[in-house]
file my_file.csv (CSV, C-alpha atoms)
chain,number,residue,atom,x,y,z
A,1302,MET,CA,-1.1,10.1,62.8
A,1303,SER,CA,1.4,13.0,63.0
A,1304,ASP,CA,3.7,13.8,60.1
A,1305,ASN,CA,6.4,14.2,62.8
A,1306,GLN,CA,6.2,10.7,64.2
A,1307,PRO,CA,9.5,10.1,66.0
A,1308,GLN,CA,11.5,7.5,64.3
A,1309,SER,CA,12.0,5.8,67.7
A,1310,ALA,CA,8.3,4.9,67.5
A,1311,PHE,CA,9.2,2.3,64.9
A,1312,THR,CA,11.1,-0.9,65.5
A,1313,LEU,CA,13.2,-2.3,62.6
A,1314,VAL,CA,12.9,-6.1,62.4
A,1315,THR,CA,14.8,-8.5,60.2
A,1316,HIS,CA,13.3,-11.8,61.1
A,1317,ILE,CA,9.9,-12.8,59.6
A,1318,GLU,CA,8.9,-14.5,62.9
A,1319,HIS,CA,8.8,-11.0,64.4
A,1320,MET,CA,6.6,-9.6,61.7
A,1321,ASP,CA,2.8,-9.6,61.1
A,1322,PHE,CA,2.5,-12.1,58.3
A,1323,ASP,CA,-1.3,-11.6,57.9
A,1324,ALA,CA,-0.8,-7.8,57.4
A,1325,ILE,CA,2.0,-8.4,54.9
A,1326,HIS,CA,-0.1,-10.8,52.9
A,1327,ALA,CA,-3.1,-8.5,53.1
A,1328,PHE,CA,-1.1,-5.6,51.6
A,1329,ILE,CA,0.8,-7.5,49.0
A,1330,GLY,CA,-2.2,-9.4,47.9
A,1331,GLN,CA,-3.8,-6.1,46.8
A,1332,THR,CA,-0.8,-4.8,44.8
A,1333,TYR,CA,-0.5,-4.6,41.1
A,1334,TRP,CA,2.5,-7.1,41.2
A,1335,ALA,CA,0.9,-9.9,43.3
A,1336,LYS,CA,-2.8,-9.4,43.4
A,1337,GLY,CA,-4.5,-12.4,44.8
A,1338,ILE,CA,-1.4,-14.2,45.9
A,1339,PRO,CA,-2.4,-17.3,47.9
A,1340,VAL,CA,-1.5,-17.4,51.6
A,1341,GLU,CA,0.7,-20.4,51.3
A,1342,THR,CA,2.6,-19.0,48.3
A,1343,MET,CA,3.3,-15.8,50.2
A,1344,ARG,CA,4.4,-17.8,53.3
A,1345,THR,CA,6.8,-19.9,51.3
A,1346,ALA,CA,8.2,-16.8,49.5
A,1347,LEU,CA,8.9,-15.0,52.8
A,1348,GLU,CA,10.4,-18.0,54.5
A,1349,ASN,CA,12.9,-18.3,51.7
A,1350,SER,CA,13.8,-14.6,51.5
A,1351,VAL,CA,15.8,-12.1,53.5
A,1352,CYS,CA,13.1,-9.9,55.0
A,1353,VAL,CA,13.2,-6.4,56.6
A,1354,GLY,CA,10.3,-4.4,58.1
A,1355,PHE,CA,9.2,-1.8,60.5
A,1356,MET,CA,6.7,-2.3,63.3
A,1357,GLN,CA,4.9,0.2,65.4
A,1358,GLY,CA,4.1,-1.8,68.4
A,1359,ASP,CA,2.4,-4.9,66.9
A,1360,LYS,CA,1.4,-3.1,63.7
A,1361,GLN,CA,3.4,-3.9,60.5
A,1362,VAL,CA,3.9,-0.5,58.8
A,1363,ALA,CA,6.6,-1.3,56.2
A,1364,PHE,CA,8.2,-4.3,54.6
A,1365,ALA,CA,10.7,-5.4,51.9
A,1366,ARG,CA,12.3,-8.7,51.0
A,1367,VAL,CA,15.3,-9.9,49.0
A,1368,ILE,CA,15.1,-13.1,47.0
A,1369,THR,CA,18.7,-14.3,47.0
A,1370,ASP,CA,21.3,-17.1,47.0
A,1371,LYS,CA,23.3,-14.9,49.4
A,1372,ALA,CA,26.4,-15.3,47.2
A,1373,THR,CA,25.8,-14.0,43.6
A,1374,PHE,CA,22.3,-12.7,43.0
A,1375,GLY,CA,19.6,-10.7,44.7
A,1376,TYR,CA,16.2,-9.5,43.7
A,1377,LEU,CA,14.5,-6.8,45.8
A,1378,SER,CA,10.8,-7.4,46.0
A,1379,ASP,CA,7.5,-6.6,47.8
A,1380,VAL,CA,8.6,-3.2,49.1
A,1381,PHE,CA,5.8,-1.2,50.8
A,1382,VAL,CA,5.1,1.4,53.4
A,1383,LEU,CA,1.5,1.8,54.5
A,1384,PRO,CA,0.1,5.0,53.0
A,1385,GLU,CA,-0.4,6.7,56.4
A,1386,TYR,CA,3.3,6.1,57.3
A,1387,ARG,CA,4.9,7.3,54.0
A,1388,GLY,CA,7.1,10.4,53.9
A,1389,GLN,CA,8.9,9.5,57.2
A,1390,GLY,CA,12.0,7.9,55.7
A,1391,LEU,CA,11.0,4.3,56.4
A,1392,SER,CA,11.7,3.0,52.9
A,1393,LYS,CA,15.1,4.7,52.9
A,1394,ARG,CA,15.9,3.1,56.3
A,1395,MET,CA,14.8,-0.3,55.0
A,1396,LEU,CA,17.0,0.1,51.9
A,1397,GLU,CA,20.0,1.2,54.0
A,1398,THR,CA,19.6,-1.9,56.2
A,1399,ILE,CA,19.3,-4.2,53.1
A,1400,MET,CA,22.3,-2.7,51.4
A,1401,THR,CA,24.5,-3.2,54.4
A,1402,MET,CA,23.4,-6.7,55.5
A,1403,PRO,CA,26.4,-9.0,55.6
A,1404,GLU,CA,24.7,-11.8,53.7
A,1405,LEU,CA,23.9,-9.4,50.8
A,1406,GLN,CA,27.5,-8.1,50.3
A,1407,GLY,CA,29.4,-9.1,47.2
A,1408,LEU,CA,26.4,-10.0,45.0
A,1409,ARG,CA,27.3,-9.9,41.3
A,1410,ARG,CA,23.8,-8.7,40.3
A,1411,PHE,CA,21.1,-7.1,42.4
A,1412,MET,CA,17.9,-6.4,40.6
A,1413,LEU,CA,14.4,-5.0,41.1
A,1414,ALA,CA,11.4,-4.0,39.1
A,1415,THR,CA,9.3,-0.9,39.8
A,1416,LYS,CA,6.7,1.2,38.0
A,1417,ASP,CA,7.1,4.3,40.2
A,1418,ALA,CA,10.0,4.4,42.6
A,1419,HIS,CA,13.0,4.8,40.4
A,1420,SER,CA,14.3,7.9,42.3
A,1421,LEU,CA,14.3,6.0,45.6
A,1422,TYR,CA,16.3,3.1,44.3
A,1423,ARG,CA,18.8,5.3,42.3
A,1424,GLN,CA,19.8,6.7,45.7
A,1425,PHE,CA,21.1,3.2,46.6
A,1426,GLY,CA,23.0,2.6,43.3
A,1427,PHE,CA,20.3,0.9,41.3
A,1428,GLU,CA,20.3,1.9,37.6
A,1429,SER,CA,18.0,1.3,34.7
A,1430,VAL,CA,19.1,-1.7,32.6
A,1431,SER,CA,21.0,-0.2,29.7
A,1432,ASP,CA,20.9,-3.4,27.6
A,1433,ALA,CA,18.0,-5.7,28.3
A,1434,THR,CA,19.1,-8.1,25.5
A,1435,PRO,CA,20.5,-10.7,27.9
A,1436,LEU,CA,17.5,-10.7,30.1
A,1437,MET,CA,14.6,-13.1,29.5
A,1438,GLN,CA,11.6,-14.1,31.5
A,1439,ILE,CA,8.6,-16.2,31.8
A,1440,HIS,CA,5.9,-13.8,32.9
A,1441,ARG,CA,2.5,-15.0,34.2
A,1442,PRO,CA,0.9,-11.7,35.5
A,1443,ASP,CA,-2.5,-13.4,36.2
A,1444,ILE,CA,-1.3,-16.5,37.8
A,1445,TYR,CA,-3.0,-15.7,41.1
A,1446,GLN,CA,-6.3,-14.8,39.6
call {"tool": "encode", "arguments": {"input": "my_file.csv", "output": "structure tokens"}}
result
Amino acid sequence: MSDNQPQSAFTLVTHIEHMDFDAIHAFIGQTYWAKGIPVETMRTALENSVCVGFMQGDKQVAFARVITDKATFGYLSDVFVLPEYRGQGLSKRMLETIMTMPELQGLRRFMLATKDAHSLYRQFGFESVSDATPLMQIHRPDIYQ
């Protein structure tokens, strides 16, 4: 694959029925945040989220989703670009799309968690939580194992 792949070679899709569910599940099921996620759990998650992705022909090359009530809260999750397609601006283009989607405007809080992509998300207004005191969680990192 050329590092200079023309951006027109990729199709932005915003409906899960136009994406390759099996490819999305295969990638996310190997990540540190959702290793071993069952197929039906992933399917339910995607069906109840706002999804964005890039296709190259029939191949899913990038994906992101927002878990949201479309009124007050959003949580950006499951963002990936296949390794051989990184460095071509696909993650930025997905984030630009997400941040301008009409159904995601006016959210009071928009959150995400990342181990390694802070600089990407800062470009879109995300900041580190300055006071985590009000935040609480139930965390089951091995639930799919």
call {"tool": "residues_around", "arguments": {"input": "my_file.csv", "residues": "segment 1326-1328 of chain A", "least_positions_apart": "5", "cutoff": "12 Å", "atoms": "all atoms listed in the file", "output": "PyMOL selection string"}}
result
chain A and resi 1320-1321+1333-1347+1361-1365+1379-1384
call {"tool": "closest_residue", "arguments": {"input": "my_file.csv", "among": "A:Asp1417, A:Glu1404, A:Glu1397, A:Asp1443", "to": "Val1351 of chain A", "atoms": "all atoms listed in the file"}}
result
A:Glu1404
call {"tool": "closest_residue", "arguments": {"input": "my_file.csv", "among": "A:Ser1350, A:Thr1312, A:Thr1332, A:Thr1369", "to": "Leu1408 of chain A", "atoms": "all atoms listed in the file"}}
result
A:Thr1369
call {"tool": "atom_distance", "arguments": {"input": "my_file.csv", "atom1": "atom CA of Ile1317 of chain A", "atom2": "atom CA of Thr1415 of chain A"}}
result
23.1 Å
call {"tool": "residues_around", "arguments": {"input": "my_file.csv", "residues": "Leu1421 of chain A", "least_positions_apart": "6", "cutoff": "10 Å", "atoms": "all atoms listed in the file", "output": "list in words"}}
result
Ser1392, Lys1393, Leu1396 and Phe1427 of chain A
call {"tool": "atom_distance", "arguments": {"input": "my_file.csv", "atom1": "atom CA of Arg1410 of chain A", "atom2": "atom CA of Thr1434 of chain A"}}
result
15.5 Å
call {"tool": "atom_distance", "arguments": {"input": "my_file.csv", "atom1": "atom CA of Phe1411 of chain A", "atom2": "atom CA of Glu1428 of chain A"}}
result
10.2 Å
call {"tool": "closest_residue", "arguments": {"input": "my_file.csv", "among": "A:Ile1329, A:Gln1424, A:Met1412, A:Gly1390", "to": "Leu1436 of chain A", "atoms": "only C-alpha atoms"}}
result
A:Met1412
call {"tool": "closest_residue", "arguments": {"input": "my_file.csv", "among": "A:Phe1425, A:Met1356, A:Tyr1376, A:Glu1318", "to": "Thr1401 of chain A", "atoms": "all atoms listed in the file"}}
result
A:Phe1425
call {"tool": "decode", "arguments": {"input": "my_file.csv", "residues": "segment 1353-1367 of chain A", "atoms": "all heavy atoms", "output": "tab-separated table (two decimals), in the first residue's frame"}}
result
chain	number	residue	atom	x	y	z
A	1353	VAL	N	-19.16	5.64	12.61
A	1353	VAL	CA	-18.50	6.27	11.48
A	1353	VAL	C	-17.35	5.35	11.07
A	1353	VAL	O	-16.69	4.77	11.94
A	1353	VAL	CB	-17.94	7.66	11.87
A	1353	VAL	CG1	-17.09	8.25	10.76
A	1353	VAL	CG2	-19.07	8.60	12.23
A	1354	GLY	N	-17.11	5.23	9.79
A	1354	GLY	CA	-15.99	4.41	9.36
A	1354	GLY	C	-15.54	4.76	7.96
A	1354	GLY	O	-16.20	5.55	7.27
A	1355	PHE	N	-14.42	4.20	7.59
A	1355	PHE	CA	-13.93	4.34	6.22
A	1355	PHE	C	-13.81	2.95	5.60
A	1355	PHE	O	-13.32	2.00	6.23
A	1355	PHE	CB	-12.55	5.01	6.19
A	1355	PHE	CG	-12.63	6.50	6.17
A	1355	PHE	CD1	-12.35	7.23	7.31
A	1355	PHE	CD2	-13.00	7.17	5.01
A	1355	PHE	CE1	-12.44	8.60	7.30
A	1355	PHE	CE2	-13.09	8.56	4.99
A	1355	PHE	CZ	-12.81	9.27	6.14
A	1356	MET	N	-14.26	2.88	4.36
A	1356	MET	CA	-14.15	1.67	3.57
A	1356	MET	C	-13.22	1.96	2.40
A	1356	MET	O	-13.18	3.08	1.89
A	1356	MET	CB	-15.52	1.26	3.02
A	1356	MET	CG	-16.63	1.11	4.04
A	1356	MET	SD	-16.38	-0.25	5.19
A	1356	MET	CE	-16.57	-1.67	4.11
A	1357	GLN	N	-12.49	0.94	2.00
A	1357	GLN	CA	-11.76	0.98	0.74
A	1357	GLN	C	-12.34	-0.17	-0.06
A	1357	GLN	O	-12.03	-1.34	0.20
A	1357	GLN	CB	-10.26	0.83	0.92
A	1357	GLN	CG	-9.51	1.00	-0.39
A	1357	GLN	CD	-8.02	0.90	-0.22
A	1357	GLN	OE1	-7.53	-0.05	0.37
A	1357	GLN	NE2	-7.30	1.88	-0.75
A	1358	GLY	N	-13.24	0.15	-0.95
A	1358	GLY	CA	-14.02	-0.89	-1.61
A	1358	GLY	C	-14.89	-1.55	-0.56
A	1358	GLY	O	-15.65	-0.89	0.15
A	1359	ASP	N	-14.74	-2.87	-0.42
A	1359	ASP	CA	-15.51	-3.62	0.58
A	1359	ASP	C	-14.73	-3.82	1.88
A	1359	ASP	O	-15.20	-4.48	2.78
A	1359	ASP	CB	-15.88	-5.01	0.03
A	1359	ASP	CG	-16.89	-4.92	-1.10
A	1359	ASP	OD1	-17.64	-3.93	-1.15
A	1359	ASP	OD2	-16.93	-5.85	-1.94
A	1360	LYS	N	-13.54	-3.25	1.97
A	1360	LYS	CA	-12.68	-3.46	3.14
A	1360	LYS	C	-12.85	-2.36	4.18
A	1360	LYS	O	-12.69	-1.17	3.87
A	1360	LYS	CB	-11.21	-3.53	2.71
A	1360	LYS	CG	-10.27	-3.86	3.86
A	1360	LYS	CD	-8.85	-4.03	3.38
A	1360	LYS	CE	-7.96	-4.42	4.56
A	1360	LYS	NZ	-6.59	-4.66	4.13
A	1361	GLN	N	-13.15	-2.75	5.41
A	1361	GLN	CA	-13.24	-1.80	6.52
A	1361	GLN	C	-11.83	-1.45	6.94
A	1361	GLN	O	-11.06	-2.30	7.37
A	1361	GLN	CB	-13.97	-2.47	7.70
A	1361	GLN	CG	-14.29	-1.54	8.83
A	1361	GLN	CD	-15.54	-0.72	8.55
A	1361	GLN	OE1	-16.53	-1.23	8.08
A	1361	GLN	NE2	-15.47	0.57	8.84
A	1362	VAL	N	-11.45	-0.16	6.81
A	1362	VAL	CA	-10.08	0.24	7.14
A	1362	VAL	C	-10.01	1.13	8.38
A	1362	VAL	O	-8.93	1.30	8.96
A	1362	VAL	CB	-9.37	0.92	5.96
A	1362	VAL	CG1	-9.29	-0.04	4.76
A	1362	VAL	CG2	-10.04	2.22	5.55
A	1363	ALA	N	-11.16	1.69	8.80
A	1363	ALA	CA	-11.18	2.55	9.98
A	1363	ALA	C	-12.59	2.55	10.56
A	1363	ALA	O	-13.57	2.32	9.83
A	1363	ALA	CB	-10.76	3.96	9.62
A	1364	PHE	N	-12.68	2.86	11.85
A	1364	PHE	CA	-13.98	2.81	12.52
A	1364	PHE	C	-13.92	3.62	13.81
A	1364	PHE	O	-12.87	3.71	14.46
A	1364	PHE	CB	-14.35	1.36	12.86
A	1364	PHE	CG	-15.65	1.23	13.61
A	1364	PHE	CD1	-16.86	1.31	12.94
A	1364	PHE	CD2	-15.65	1.06	14.99
A	1364	PHE	CE1	-18.06	1.22	13.65
A	1364	PHE	CE2	-16.84	0.96	15.69
A	1364	PHE	CZ	-18.05	1.03	15.02
A	1365	ALA	N	-15.06	4.19	14.19
A	1365	ALA	CA	-15.25	4.83	15.50
A	1365	ALA	C	-16.74	4.83	15.80
A	1365	ALA	O	-17.56	4.80	14.88
A	1365	ALA	CB	-14.72	6.26	15.48
A	1366	ARG	N	-17.06	4.88	17.08
A	1366	ARG	CA	-18.47	4.99	17.45
A	1366	ARG	C	-18.64	5.89	18.65
A	1366	ARG	O	-17.71	6.08	19.43
A	1366	ARG	CB	-19.09	3.62	17.72
A	1366	ARG	CG	-18.66	2.97	19.02
A	1366	ARG	CD	-19.27	1.57	19.14
A	1366	ARG	NE	-18.84	0.91	20.35
A	1366	ARG	CZ	-19.61	0.71	21.41
A	1366	ARG	NH1	-20.87	1.14	21.42
A	1366	ARG	NH2	-19.16	0.09	22.48
A	1367	VAL	N	-19.83	6.45	18.77
A	1367	VAL	CA	-20.18	7.29	19.90
A	1367	VAL	C	-21.39	6.66	20.58
A	1367	VAL	O	-22.42	6.42	19.94
A	1367	VAL	CB	-20.50	8.74	19.48
A	1367	VAL	CG1	-20.90	9.57	20.70
A	1367	VAL	CG2	-19.32	9.36	18.75
